[in-house]
>>> print(open('target-v2.json').read())   # JSON, C-alpha atoms and all ligand atoms
[["chain", "number", "residue", "atom", "x", "y", "z"],
["G", 1, "MET", "CA", -33.33, -7.71, -37.71],
["G", 2, "LEU", "CA", -34.02, -6.03, -34.36],
["G", 3, "ARG", "CA", -33.94, -9.46, -32.69],
["G", 4, "SER", "CA", -30.47, -10.17, -34.18],
["G", 5, "ILE", "CA", -29.12, -6.84, -32.93],
["G", 6, "VAL", "CA", -30.47, -7.55, -29.44],
["G", 7, "ARG", "CA", -28.97, -11.09, -29.53],
["G", 8, "ILE", "CA", -25.53, -9.82, -30.66],
["G", 9, "SER", "CA", -25.51, -7.14, -27.99],
["G", 10, "ARG", "CA", -26.45, -9.79, -25.34],
["G", 11, "VAL", "CA", -23.55, -12.01, -26.46],
["G", 12, "CYS", "CA", -21.21, -9.03, -26.27],
["G", 13, "GLN", "CA", -22.41, -8.26, -22.74],
["G", 14, "SER", "CA", -22.04, -11.85, -21.56],
["G", 15, "LEU", "CA", -18.56, -12.05, -23.12],
["G", 16, "GLY", "CA", -17.64, -8.99, -21.09],
["G", 17, "SER", "CA", -18.61, -10.78, -17.89],
["G", 18, "LEU", "CA", -16.57, -13.90, -18.67],
["G", 19, "PRO", "CA", -13.65, -14.28, -16.27],
["G", 20, "TYR", "CA", -11.21, -15.06, -19.09],
["G", 21, "VAL", "CA", -12.08, -11.92, -21.05],
["G", 22, "GLN", "CA", -11.83, -9.81, -17.91],
["G", 23, "THR", "CA", -8.48, -11.36, -17.02],
["G", 24, "GLN", "CA", -7.13, -10.67, -20.47],
["G", 25, "LEU", "CA", -8.33, -7.07, -20.26],
["G", 26, "GLY", "CA", -6.03, -6.51, -17.30],
["G", 27, "HIS", "CA", -3.01, -8.05, -19.00],
["G", 28, "PRO", "CA", -0.24, -5.55, -19.90],
["G", 29, "ALA", "CA", -0.23, -6.79, -23.50],
["G", 30, "VAL", "CA", -3.81, -5.69, -24.04],
["G", 31, "ARG", "CA", -4.03, -2.87, -21.53],
["G", 32, "THR", "CA", -3.60, -0.29, -24.31],
["G", 33, "MET", "CA", -6.99, -1.44, -25.60],
["G", 34, "SER", "CA", -8.62, 0.13, -22.56],
["G", 35, "THR", "CA", -7.86, 3.56, -24.03],
["G", 36, "LEU", "CA", -10.18, 2.72, -26.95],
["G", 37, "PRO", "CA", -13.95, 2.72, -26.53],
["G", 38, "TRP", "CA", -14.75, -0.84, -25.41],
["G", 39, "PRO", "CA", -18.15, -2.31, -26.25],
["G", 40, "PHE", "CA", -18.15, -4.98, -23.51],
["G", 41, "ASN", "CA", -19.51, -4.38, -20.04],
["G", 42, "SER", "CA", -16.61, -5.47, -17.82],
["G", 43, "ALA", "CA", -17.20, -3.26, -14.78],
["G", 44, "PRO", "CA", -17.45, -5.51, -11.72],
["G", 45, "ARG", "CA", -20.74, -5.33, -9.79],
["G", 46, "ASP", "CA", -20.40, -3.88, -6.31],
["G", 47, "PHE", "CA", -22.79, -6.06, -4.28],
["G", 48, "SER", "CA", -22.70, -3.73, -1.27],
["G", 49, "LEU", "CA", -24.75, -1.02, -3.01],
["G", 50, "PRO", "CA", -28.52, -0.74, -2.40],
["G", 51, "ASN", "CA", -30.89, -2.64, -4.67],
["G", 52, "SER", "CA", -34.68, -2.93, -4.95],
["G", 53, "SER", "CA", -34.82, -5.98, -2.64],
["G", 54, "TRP", "CA", -33.59, -4.01, 0.36],
["G", 55, "SER", "CA", -36.18, -3.37, 3.06],
["G", 56, "SER", "CA", -36.84, 0.20, 4.20],
["G", 57, "GLU", "CA", -35.06, -0.70, 7.48],
["G", 58, "MET", "CA", -31.95, -1.91, 5.60],
["G", 59, "THR", "CA", -31.95, 1.21, 3.40],
["G", 60, "ARG", "CA", -32.38, 3.50, 6.41],
["G", 61, "LEU", "CA", -29.45, 1.90, 8.23],
["G", 62, "TYR", "CA", -27.32, 2.00, 5.06],
["G", 63, "GLU", "CA", -28.02, 5.73, 4.69],
["G", 64, "HIS", "CA", -27.24, 6.31, 8.37],
["G", 65, "TYR", "CA", -23.72, 4.82, 8.11],
["G", 66, "ASN", "CA", -23.07, 5.95, 4.54],
["G", 67, "SER", "CA", -23.76, 9.56, 5.50],
["G", 68, "GLN", "CA", -20.90, 9.27, 8.01],
["G", 69, "CYS", "CA", -18.37, 8.16, 5.38],
["G", 70, "GLU", "CA", -17.97, 11.72, 4.17],
["G", 71, "VAL", "CA", -18.60, 14.75, 6.36],
["G", 72, "GLU", "CA", -18.71, 18.46, 5.63],
["G", 73, "THR", "CA", -16.48, 20.88, 7.54],
["G", 74, "GLU", "CA", -17.66, 24.34, 8.67],
["G", 75, "ASP", "CA", -16.08, 25.80, 5.50],
["G", 76, "GLY", "CA", -18.26, 23.51, 3.41],
["G", 77, "GLU", "CA", -15.36, 21.29, 2.44],
["G", 78, "LYS", "CA", -15.90, 17.56, 2.22],
["G", 79, "GLN", "CA", -13.61, 15.25, 4.13],
["G", 80, "ARG", "CA", -13.46, 11.59, 5.08],
["G", 81, "GLY", "CA", -15.74, 10.70, 7.98],
["G", 82, "PRO", "CA", -15.29, 8.08, 10.73],
["G", 83, "TRP", "CA", -16.89, 5.25, 8.74],
["G", 84, "ARG", "CA", -15.88, 3.64, 5.50],
["G", 85, "ARG", "CA", -18.12, 1.48, 3.30],
["G", 86, "LEU", "CA", -16.38, -1.63, 2.04],
["G", 87, "PRO", "CA", -17.20, -2.46, -1.58],
["G", 88, "SER", "CA", -17.93, -6.13, -2.18],
["G", 89, "TYR", "CA", -17.32, -8.17, -5.32],
["G", 90, "ASN", "CA", -17.99, -11.81, -6.10],
["G", 91, "ARG", "CA", -14.33, -12.43, -6.95],
["G", 92, "SER", "CA", -12.51, -10.75, -4.06],
["G", 93, "LEU", "CA", -9.04, -11.82, -5.15],
["G", 94, "LYS", "CA", -9.42, -10.69, -8.74],
["G", 95, "TYR", "CA", -10.64, -7.22, -7.84],
["G", 96, "ALA", "CA", -8.10, -6.73, -5.05],
["G", 97, "LYS", "CA", -5.10, -4.57, -5.97],
["G", 98, "GLY", "CA", -2.93, -6.67, -8.28],
["G", 99, "GLY", "CA", -5.43, -9.48, -7.93],
["G", 100, "VAL", "CA", -6.02, -9.75, -11.65],
["G", 101, "TYR", "CA", -2.61, -11.43, -11.95],
["G", 102, "LEU", "CA", -3.05, -13.58, -8.82],
["G", 103, "SER", "CA", -6.45, -14.70, -10.11],
["G", 104, "LYS", "CA", -4.67, -16.75, -12.79],
["G", 105, "PHE", "CA", -3.71, -19.18, -10.03],
["G", 106, "VAL", "CA", -7.24, -19.71, -8.79],
["G", 107, "GLN", "CA", -10.15, -21.43, -10.52],
["G", 108, "SER", "CA", -11.83, -19.07, -12.95],
["G", 109, "LYS", "CA", -15.28, -20.36, -11.95],
["G", 110, "ALA", "CA", -14.68, -19.74, -8.24],
["G", 111, "ARG", "CA", -17.00, -17.20, -6.64],
["G", 112, "LEU", "CA", -17.20, -15.77, -3.14],
["G", 113, "PHE", "CA", -19.72, -17.98, -1.25],
["G", 114, "THR", "CA", -21.86, -15.08, -0.01],
["G", 115, "ARG", "CA", -22.02, -13.36, -3.41],
["G", 116, "ASN", "CA", -22.66, -16.26, -5.78],
["G", 117, "ILE", "CA", -26.41, -15.78, -6.27],
["G", 118, "LYS", "CA", -27.25, -13.02, -8.70],
["G", 119, "THR", "CA", -30.96, -12.67, -7.86],
["G", 120, "ALA", "CA", -31.25, -9.65, -5.61],
["G", 121, "GLY", "CA", -32.70, -10.43, -2.19],
["G", 122, "ALA", "CA", -32.65, -14.23, -2.56],
["G", 123, "ALA", "CA", -29.78, -15.00, -0.18],
["G", 124, "PHE", "CA", -27.10, -12.85, 1.47],
["G", 125, "GLU", "CA", -27.84, -9.11, 1.17],
["G", 126, "TYR", "CA", -25.35, -7.15, 3.21],
["G", 127, "VAL", "CA", -23.14, -4.12, 3.39],
["G", 128, "MET", "CA", -20.24, -3.61, 5.75],
["G", 129, "PHE", "CA", -18.82, -0.40, 7.24],
["G", 130, "ILE", "CA", -15.53, -0.08, 9.14],
["G", 131, "ASN", "CA", -14.56, 2.48, 11.74],
["G", 132, "LYS", "CA", -10.76, 2.36, 11.73],
["G", 133, "GLU", "CA", -10.23, 4.65, 14.71],
["G", 134, "GLU", "CA", -12.55, 2.66, 16.97],
["G", 135, "GLN", "CA", -11.38, -0.64, 15.45],
["G", 136, "ARG", "CA", -14.93, -1.81, 15.01],
["G", 137, "SER", "CA", -17.17, -2.71, 12.13],
["G", 138, "VAL", "CA", -20.87, -2.94, 11.47],
["G", 139, "CYS", "CA", -22.66, -5.04, 8.88],
["G", 140, "ILE", "CA", -26.29, -4.59, 7.88],
["G", 141, "PHE", "CA", -27.62, -8.00, 6.82],
["G", 142, "GLN", "CA", -30.92, -9.08, 5.30],
["G", 143, "ALA", "CA", -31.35, -12.85, 4.93],
["G", 144, "GLY", "CA", -33.31, -13.98, 1.85],
["G", 145, "HIS", "CA", -35.63, -16.97, 1.37],
["G", 146, "LEU", "CA", -32.82, -19.30, 0.21],
["G", 147, "LEU", "CA", -31.22, -19.17, 3.67],
["G", 148, "GLU", "CA", -34.00, -20.94, 5.56],
["G", 149, "GLY", "CA", -33.11, -23.31, 8.39],
["G", 150, "PRO", "CA", -35.88, -23.81, 10.96],
["G", 151, "PRO", "CA", -39.22, -22.88, 9.30],
["G", 152, "GLY", "CA", -39.36, -19.12, 8.78],
["G", 153, "HIS", "CA", -35.93, -18.57, 10.31],
["G", 154, "VAL", "CA", -32.33, -18.25, 9.16],
["G", 155, "HIS", "CA", -30.11, -21.35, 8.98],
["G", 156, "GLY", "CA", -27.40, -21.44, 11.67],
["G", 157, "GLY", "CA", -24.77, -22.15, 9.02],
["G", 158, "ALA", "CA", -25.79, -19.00, 7.13],
["G", 159, "ILE", "CA", -25.45, -17.00, 10.34],
["G", 160, "ALA", "CA", -22.01, -18.57, 10.95],
["G", 161, "THR", "CA", -21.05, -17.70, 7.37],
["G", 162, "MET", "CA", -21.95, -14.07, 7.91],
["G", 163, "ILE", "CA", -20.08, -13.93, 11.23],
["G", 164, "ASP", "CA", -17.00, -15.51, 9.63],
["G", 165, "SER", "CA", -17.22, -13.10, 6.68],
["G", 166, "VAL", "CA", -17.63, -9.99, 8.83],
["G", 167, "THR", "CA", -14.99, -10.86, 11.43],
["G", 168, "GLY", "CA", -12.68, -12.21, 8.66],
["G", 169, "THR", "CA", -13.00, -9.04, 6.60],
["G", 170, "HIS", "CA", -12.46, -6.96, 9.74],
["G", 171, "ALA", "CA", -9.34, -8.96, 10.65],
["G", 172, "THR", "CA", -8.04, -8.68, 7.05],
["G", 173, "TYR", "CA", -8.56, -4.93, 7.23],
["G", 174, "LEU", "CA", -6.57, -4.73, 10.48],
["G", 175, "SER", "CA", -3.90, -7.38, 9.91],
["G", 176, "GLY", "CA", -3.64, -8.19, 6.19],
["G", 177, "PRO", "CA", -4.06, -11.78, 4.88],
["G", 178, "VAL", "CA", -5.53, -14.02, 7.62],
["G", 179, "MET", "CA", -7.35, -17.32, 8.00],
["G", 180, "THR", "CA", -9.95, -18.30, 10.56],
["G", 181, "ALA", "CA", -8.36, -20.64, 13.12],
["G", 182, "ASN", "CA", -11.23, -20.70, 15.60],
["G", 183, "LEU", "CA", -14.85, -19.59, 15.59],
["G", 184, "ASN", "CA", -17.09, -19.92, 18.68],
["G", 185, "ILE", "CA", -20.78, -19.21, 18.32],
["G", 186, "ASN", "CA", -23.66, -18.99, 20.79],
["G", 187, "TYR", "CA", -27.10, -18.84, 19.19],
["G", 188, "ARG", "CA", -29.38, -16.94, 21.62],
["G", 189, "SER", "CA", -32.57, -16.31, 19.62],
["G", 190, "PRO", "CA", -33.65, -17.27, 16.07],
["G", 191, "ILE", "CA", -33.46, -14.69, 13.27],
["G", 192, "PRO", "CA", -36.70, -14.32, 11.27],
["G", 193, "LEU", "CA", -36.15, -14.89, 7.54],
["G", 194, "GLY", "CA", -36.28, -11.61, 5.62],
["G", 195, "SER", "CA", -35.57, -9.45, 8.65],
["G", 196, "THR", "CA", -32.73, -6.94, 8.80],
["G", 197, "VAL", "CA", -30.14, -7.51, 11.49],
["G", 198, "LEU", "CA", -26.90, -5.84, 12.57],
["G", 199, "LEU", "CA", -23.58, -7.64, 12.98],
["G", 200, "GLU", "CA", -21.17, -5.59, 15.06],
["G", 201, "SER", "CA", -17.58, -6.72, 15.45],
["G", 202, "CYS", "CA", -14.74, -5.29, 17.49],
["G", 203, "MET", "CA", -11.10, -6.18, 17.90],
["G", 204, "ASP", "CA", -10.39, -7.59, 21.34],
["G", 205, "LYS", "CA", -6.61, -7.92, 21.04],
["G", 206, "LYS", "CA", -3.69, -8.57, 18.75],
["G", 207, "GLU", "CA", -0.84, -10.85, 19.81],
["G", 208, "GLY", "CA", 1.83, -11.50, 17.19],
["G", 209, "ARG", "CA", 0.15, -13.33, 14.33],
["G", 210, "LYS", "CA", -3.13, -13.66, 16.24],
["G", 211, "THR", "CA", -6.06, -11.25, 15.86],
["G", 212, "PHE", "CA", -8.98, -11.82, 18.25],
["G", 213, "ILE", "CA", -12.34, -10.44, 17.17],
["G", 214, "SER", "CA", -15.74, -10.65, 18.84],
["G", 215, "CYS", "CA", -19.08, -10.20, 17.16],
["G", 216, "LYS", "CA", -22.73, -9.90, 18.12],
["G", 217, "VAL", "CA", -25.82, -10.13, 15.95],
["G", 218, "THR", "CA", -28.83, -8.09, 17.05],
["G", 219, "SER", "CA", -32.15, -6.91, 15.68],
["G", 220, "ALA", "CA", -31.95, -3.70, 13.64],
["G", 221, "ASP", "CA", -32.91, -1.55, 16.64],
["G", 222, "SER", "CA", -30.34, -3.41, 18.81],
["G", 223, "SER", "CA", -33.04, -4.41, 21.31],
["G", 224, "LYS", "CA", -32.81, -8.16, 20.73],
["G", 225, "LEU", "CA", -29.64, -10.26, 20.90],
["G", 226, "HIS", "CA", -29.65, -13.07, 18.31],
["G", 227, "THR", "CA", -26.09, -14.42, 18.30],
["G", 228, "GLU", "CA", -22.72, -13.90, 19.97],
["G", 229, "ALA", "CA", -19.33, -15.08, 18.71],
["G", 230, "THR", "CA", -15.60, -14.87, 19.22],
["G", 231, "ALA", "CA", -13.07, -15.59, 16.50],
["G", 232, "LEU", "CA", -9.34, -16.09, 16.21],
["G", 233, "PHE", "CA", -7.57, -15.22, 12.98],
["G", 234, "LEU", "CA", -3.97, -16.08, 12.20],
["G", 235, "SER", "CA", -1.90, -13.98, 9.83],
["G", 236, "VAL", "CA", -0.73, -16.10, 6.93],
["G", 237, "SER", "CA", 1.47, -15.62, 3.90],
["G", 238, "VAL", "CA", -0.22, -15.05, 0.54],
["G", 239, "SER", "CA", 1.10, -18.43, -0.60],
["G", 240, "HIS", "CA", -0.60, -20.16, 2.38],
["G", 241, "LEU", "CA", -3.83, -18.30, 1.54],
["G", 242, "LEU", "CA", -3.66, -19.49, -2.06],
["G", 243, "GLY", "CA", -2.73, -23.04, -0.96],
["G", 244, "MET", "CA", 0.53, -22.92, -2.91],
["G", 301, "LIG", "C1", -2.66, -9.95, -1.55],
["G", 301, "LIG", "C2", -3.69, -11.06, -1.37],
["G", 301, "LIG", "C3", -4.81, -10.61, -0.53],
["G", 301, "LIG", "C4", -5.88, -11.63, -0.66],
["G", 301, "LIG", "C5", -7.07, -11.24, 0.15],
["G", 301, "LIG", "C6", -7.90, -10.50, -0.73],
["G", 301, "LIG", "C7", -9.04, -10.07, -0.36],
["G", 301, "LIG", "C8", -9.62, -10.38, 0.96],
["G", 301, "LIG", "C9", -10.49, -9.26, 1.25],
["G", 301, "LIG", "C10", -11.42, -9.35, 2.12],
["G", 301, "LIG", "C11", -11.76, -10.63, 2.78],
["G", 301, "LIG", "C12", -12.96, -11.08, 2.11],
["G", 301, "LIG", "C13", -13.76, -11.90, 2.61],
["G", 301, "LIG", "C14", -13.50, -12.53, 3.89],
["G", 301, "LIG", "C15", -14.49, -13.55, 3.90],
["G", 301, "LIG", "C16", -14.40, -14.57, 4.60],
["G", 301, "LIG", "C17", -13.31, -14.85, 5.54],
["G", 301, "LIG", "C18", -13.37, -16.32, 5.63],
["G", 301, "LIG", "C19", -12.12, -16.78, 6.28],
["G", 301, "LIG", "C20", -12.17, -18.26, 6.28],
["G", 301, "LIG", "O1", -13.15, -18.87, 6.37],
["G", 301, "LIG", "S1", -10.67, -19.07, 6.15],
["G", 301, "LIG", "C21", -11.20, -20.75, 5.91],
["G", 301, "LIG", "C22", -11.30, -21.55, 7.16],
["G", 301, "LIG", "N1", -10.02, -21.65, 7.81],
["G", 301, "LIG", "C23", -9.10, -22.54, 7.41],
["G", 301, "LIG", "O2", -9.29, -23.28, 6.49],
["G", 301, "LIG", "C24", -7.82, -22.53, 8.20],
["G", 301, "LIG", "C25", -7.18, -23.90, 8.21],
["G", 301, "LIG", "N2", -6.06, -23.89, 9.16],
["G", 301, "LIG", "C26", -4.85, -23.44, 8.80],
["G", 301, "LIG", "O3", -4.57, -23.14, 7.64],
["G", 301, "LIG", "C27", -3.83, -23.36, 9.89],
["G", 301, "LIG", "O4", -4.17, -24.19, 10.95],
["G", 301, "LIG", "C28", -3.64, -21.92, 10.42],
["G", 301, "LIG", "C29", -3.13, -20.99, 9.30],
["G", 301, "LIG", "C30", -4.96, -21.34, 10.98],
["G", 301, "LIG", "C31", -2.62, -21.93, 11.55],
["G", 301, "LIG", "O5", -1.53, -22.71, 11.12],
["G", 301, "LIG", "P1", -0.05, -22.20, 11.29],
["G", 301, "LIG", "O6", 0.86, -23.34, 10.95],
["G", 301, "LIG", "O7", 0.15, -20.95, 10.54],
["G", 301, "LIG", "O8", 0.06, -21.82, 12.81],
["G", 301, "LIG", "P2", 0.29, -22.82, 14.04],
["G", 301, "LIG", "O9", -0.53, -24.03, 13.98],
["G", 301, "LIG", "O10", 1.77, -22.96, 14.22],
["G", 301, "LIG", "O11", -0.28, -21.92, 15.27],
["G", 301, "LIG", "C32", 0.26, -20.64, 15.54],
["G", 301, "LIG", "C33", -0.30, -20.20, 16.86],
["G", 301, "LIG", "O12", -1.74, -20.13, 16.77],
["G", 301, "LIG", "C34", -2.34, -21.04, 17.72],
["G", 301, "LIG", "N3", -3.49, -21.68, 17.07],
["G", 301, "LIG", "C35", -3.56, -22.24, 15.87],
["G", 301, "LIG", "N4", -4.78, -22.72, 15.62],
["G", 301, "LIG", "C36", -5.50, -22.46, 16.71],
["G", 301, "LIG", "C37", -6.84, -22.70, 17.09],
["G", 301, "LIG", "N5", -7.68, -23.31, 16.24],
["G", 301, "LIG", "N6", -7.27, -22.29, 18.27],
["G", 301, "LIG", "C38", -6.44, -21.65, 19.12],
["G", 301, "LIG", "N7", -5.14, -21.38, 18.84],
["G", 301, "LIG", "C39", -4.70, -21.77, 17.66],
["G", 301, "LIG", "C40", -1.24, -22.07, 18.03],
["G", 301, "LIG", "O13", -1.44, -22.65, 19.28],
["G", 301, "LIG", "C41", -0.02, -21.18, 17.98],
["G", 301, "LIG", "O14", 0.00, -20.42, 19.18],
["G", 301, "LIG", "P3", 1.40, -20.06, 19.92],
["G", 301, "LIG", "O15", 2.27, -19.37, 18.88],
["G", 301, "LIG", "O16", 1.00, -19.16, 21.02],
["G", 301, "LIG", "O17", 1.97, -21.36, 20.37]]
>>> encode(input="target-v2.json", output="structure tokens")
Amino acid sequence: MLRSIVRISRVCQSLGSLPYVQTQLGHPAVRTMSTLPWPFNSAPRDFSLPNSSWSSEMTRLYEHYNSQCEVETEDGEKQRGPWRRLPSYNRSLKYAKGGVYLSKFVQSKARLFTRNIKTAGAAFEYVMFINKEEQRSVCIFQAGHLLEGPPGHVHGGAIATMIDSVTGTHATYLSGPVMTANLNINYRSPIPLGSTVLLESCMDKKEGRKTFISCKVTSADSSKLHTEATALFLSVSVSHLLGM
């Protein structure tokens, strides 16, 4: 009996995570249902929040930047600080504003490359913060065992992926929908697998549709340079982005 209850509740939970069910939940025709207690777990997972796989170094850096997202004034009032943590979902389009409708045009099985492995700590663990005033961003990244390239070190393609993701997210934040036109990378020193590194990006210039961003990857204490890159992003229409 107990086993059946557990099995039914598991089915309910997995139904709640099915893209189709989630899409239907956002549809105007069924939106009124959200006012009723809903037994399915449909809340999207925010991958940028700490989990048990994070090293103490990663957690310390997260807390350092997160504490600057909200600051307290002299009167004890809370106000927005210089940094902002960017939440991260495995279906970026769907969870973007209005994305639930746009997501009908894209494959329901599609998942963001860097967020498609559910096991915590196995691949890309990262969190990104943006400083709008200084037009720069920082990403704290811990590479898991599935990202091996040279023995004991991170694959160059995984490093490129992270640089593209960080600079691309930064450019999207500054300029709206963009696509990478050019990415230049210099690998200076290998990144040990499992270590925590920092990716710092800054906007170099904006010229019409072009946003130029540069990025460096360093050890967590910034003493060692691992990688340097420059990237060019071109503003595109939403229809170009969706390949329509
Ligand atoms: C409301 C919807 C919002 C949806 C977004 C939602 C959420 C997003 C949120 C956060 C983001 C999340 C994650 C970000 C993660 C990853 C980011 C990954 C980004 C990528 O991974 S994305 C995939 C790889 N990316 C491609 O798959 C692009 C393929 N490609 C093309 O789609 C075209 O190629 C395009 C559009 C790039 C340009 O095409 P086009 O026709 O628009 O422009 P055109 O060619 O006319 O060039 C205009 C001017 O740019 C110069 N120019 C062009 N290309 C150049 C180059 N390579 N080097 C130097 N200059 C270049 C020309 O020389 C000219 O310059 P000038 O005007 O001075 O003459």
>>> residues_around(input="target-v2.json", residues="region 208-216 of chain G", least_positions_apart="6", cutoff="9 Å", atoms="all atoms listed in the file", output="PyMOL selection string")
chain G and resi 163+166-168+170-171+174-175+178+198-202+225-236
>>> closest_atom_pairs(input="target-v2.json", of="chain G", to="ligand LIG 301 (chain G)", cutoff="10 Å", atoms="all atoms listed in the file", output="tab-separated table")
residue	atom	partner	partner_atom	distance
G:Leu86	CA	G:LIG301	C10	9.2
G:Pro87	CA	G:LIG301	C10	9.7
G:Ser88	CA	G:LIG301	C12	8.2
G:Tyr89	CA	G:LIG301	C12	9.1
G:Asn90	CA	G:LIG301	C12	9.7
G:Arg91	CA	G:LIG301	C7	8.8
G:Ser92	CA	G:LIG301	C7	5.1
G:Leu93	CA	G:LIG301	C6	4.8
G:Lys94	CA	G:LIG301	C6	8.2
G:Tyr95	CA	G:LIG301	C7	8.2
G:Ala96	CA	G:LIG301	C6	5.7
G:Lys97	CA	G:LIG301	C1	7.4
G:Gly98	CA	G:LIG301	C1	7.5
G:Gly99	CA	G:LIG301	C2	7.0
G:Leu102	CA	G:LIG301	C2	7.9
G:Ser103	CA	G:LIG301	C2	9.9
G:Leu112	CA	G:LIG301	C13	7.7
G:Phe113	CA	G:LIG301	C15	8.6
G:Thr114	CA	G:LIG301	C15	8.5
G:Ala160	CA	G:LIG301	O1	10.0
G:Thr161	CA	G:LIG301	C16	7.9
G:Met162	CA	G:LIG301	C16	8.3
G:Ile163	CA	G:LIG301	C16	8.8
G:Asp164	CA	G:LIG301	C18	5.5
G:Ser165	CA	G:LIG301	C16	3.8
G:Val166	CA	G:LIG301	C15	6.8
G:Thr167	CA	G:LIG301	C17	7.3
G:Gly168	CA	G:LIG301	C17	4.1
G:Thr169	CA	G:LIG301	C11	4.3
G:His170	CA	G:LIG301	C11	7.9
G:Ala171	CA	G:LIG301	C11	8.4
G:Thr172	CA	G:LIG301	C11	6.0
G:Tyr173	CA	G:LIG301	C10	7.3
G:Gly176	CA	G:LIG301	C3	7.2
G:Pro177	CA	G:LIG301	C3	5.6
G:Val178	CA	G:LIG301	C19	7.3
G:Met179	CA	G:LIG301	S1	4.2
G:Thr180	CA	G:LIG301	N1	4.3
G:Ala181	CA	G:LIG301	C30	4.1
G:Asn182	CA	G:LIG301	N5	4.5
G:Leu183	CA	G:LIG301	N5	8.1
G:Glu207	CA	G:LIG301	O16	8.6
G:Gly208	CA	G:LIG301	O15	8.1
G:Arg209	CA	G:LIG301	C33	7.3
G:Lys210	CA	G:LIG301	O12	6.6
G:Thr211	CA	G:LIG301	O12	9.9
G:Ala231	CA	G:LIG301	N6	9.0
G:Leu232	CA	G:LIG301	N6	6.9
G:Phe233	CA	G:LIG301	C30	6.9
G:Leu234	CA	G:LIG301	C30	5.5
G:Ser235	CA	G:LIG301	C29	7.1
G:Val236	CA	G:LIG301	C29	5.9
G:Ser237	CA	G:LIG301	O7	8.6
G:Val238	CA	G:LIG301	C2	5.6
G:Ser239	CA	G:LIG301	C2	8.8
G:His240	CA	G:LIG301	O3	7.2
G:Leu241	CA	G:LIG301	C4	7.3
G:Leu242	CA	G:LIG301	C4	8.3
G:Gly243	CA	G:LIG301	O3	8.8
>>> atom_distance(input="target-v2.json", atom1="CA of Gly194 (chain G)", atom2="CA of Thr218 (chain G)")
14.1 Å
>>> closest_residue(input="target-v2.json", among="G:Ala143, G:Val71, G:Val197, G:Ala158", to="Ala120 (chain G)", atoms="all atoms listed in the file")
G:Ala143
>>> atom_distance(input="target-v2.json", atom1="CA of Thr119 (chain G)", atom2="CA of Cys69 (chain G)")
27.7 Å
>>> residues_around(input="target-v2.json", residues="Asp221 (chain G)", least_positions_apart="6", cutoff="12 Å", atoms="only C-alpha atoms", output="number ranges by chain")
G: 57-58, 60-61, 140, 195-199
>>> write_last_selection(input="target-v2.json", atoms="C-alpha atoms", output="CSV table (one decimal), in the frame of the given file")
chain,number,residue,atom,x,y,z
G,57,GLU,CA,-35.1,-0.7,7.5
G,58,MET,CA,-32.0,-1.9,5.6
G,60,ARG,CA,-32.4,3.5,6.4
G,61,LEU,CA,-29.4,1.9,8.2
G,140,ILE,CA,-26.3,-4.6,7.9
G,195,SER,CA,-35.6,-9.4,8.6
G,196,THR,CA,-32.7,-6.9,8.8
G,197,VAL,CA,-30.1,-7.5,11.5
G,198,LEU,CA,-26.9,-5.8,12.6
G,199,LEU,CA,-23.6,-7.6,13.0
>>> build_atoms(input="target-v2.json", residues="region 210-220 of chain G", atoms="N, CA and C atoms", output="mmCIF file, in the coordinates of the input")
data_model
loop_
_atom_site.group_PDB
_atom_site.id
_atom_site.type_symbol
_atom_site.label_atom_id
_atom_site.label_comp_id
_atom_site.auth_asym_id
_atom_site.auth_seq_id
_atom_site.Cartn_x
_atom_site.Cartn_y
_atom_site.Cartn_z
ATOM 1 N N LYS G 210 -1.727 -13.398 15.873
ATOM 2 C CA LYS G 210 -3.130 -13.660 16.240
ATOM 3 C C LYS G 210 -3.955 -12.373 16.355
ATOM 4 N N THR G 211 -5.106 -12.360 15.709
ATOM 5 C CA THR G 211 -6.060 -11.250 15.860
ATOM 6 C C THR G 211 -7.353 -11.837 16.425
ATOM 7 N N PHE G 212 -7.766 -11.332 17.573
ATOM 8 C CA PHE G 212 -8.980 -11.820 18.250
ATOM 9 C C PHE G 212 -10.109 -10.820 18.008
ATOM 10 N N ILE G 213 -11.208 -11.318 17.468
ATOM 11 C CA ILE G 213 -12.340 -10.440 17.170
ATOM 12 C C ILE G 213 -13.601 -11.016 17.812
ATOM 13 N N SER G 214 -14.444 -10.148 18.373
ATOM 14 C CA SER G 214 -15.740 -10.650 18.840
ATOM 15 C C SER G 214 -16.854 -9.983 18.040
ATOM 16 N N CYS G 215 -17.997 -10.654 18.043
ATOM 17 C CA CYS G 215 -19.080 -10.200 17.160
ATOM 18 C C CYS G 215 -20.427 -10.496 17.824
ATOM 19 N N LYS G 216 -21.364 -9.586 17.670
ATOM 20 C CA LYS G 216 -22.730 -9.900 18.120
ATOM 21 C C LYS G 216 -23.704 -9.560 17.005
ATOM 22 N N VAL G 217 -24.766 -10.356 16.945
ATOM 23 C CA VAL G 217 -25.820 -10.130 15.950
ATOM 24 C C VAL G 217 -27.062 -9.722 16.720
ATOM 25 N N THR G 218 -27.624 -8.575 16.360
ATOM 26 C CA THR G 218 -28.830 -8.090 17.050
ATOM 27 C C THR G 218 -29.890 -7.690 16.028
ATOM 28 N N SER G 219 -31.101 -7.466 16.536
ATOM 29 C CA SER G 219 -32.150 -6.910 15.680
ATOM 30 C C SER G 219 -31.713 -5.512 15.243
ATOM 31 N N ALA G 220 -32.371 -4.984 14.211
ATOM 32 C CA ALA G 220 -31.950 -3.700 13.640
ATOM 33 C C ALA G 220 -31.951 -2.567 14.655
#
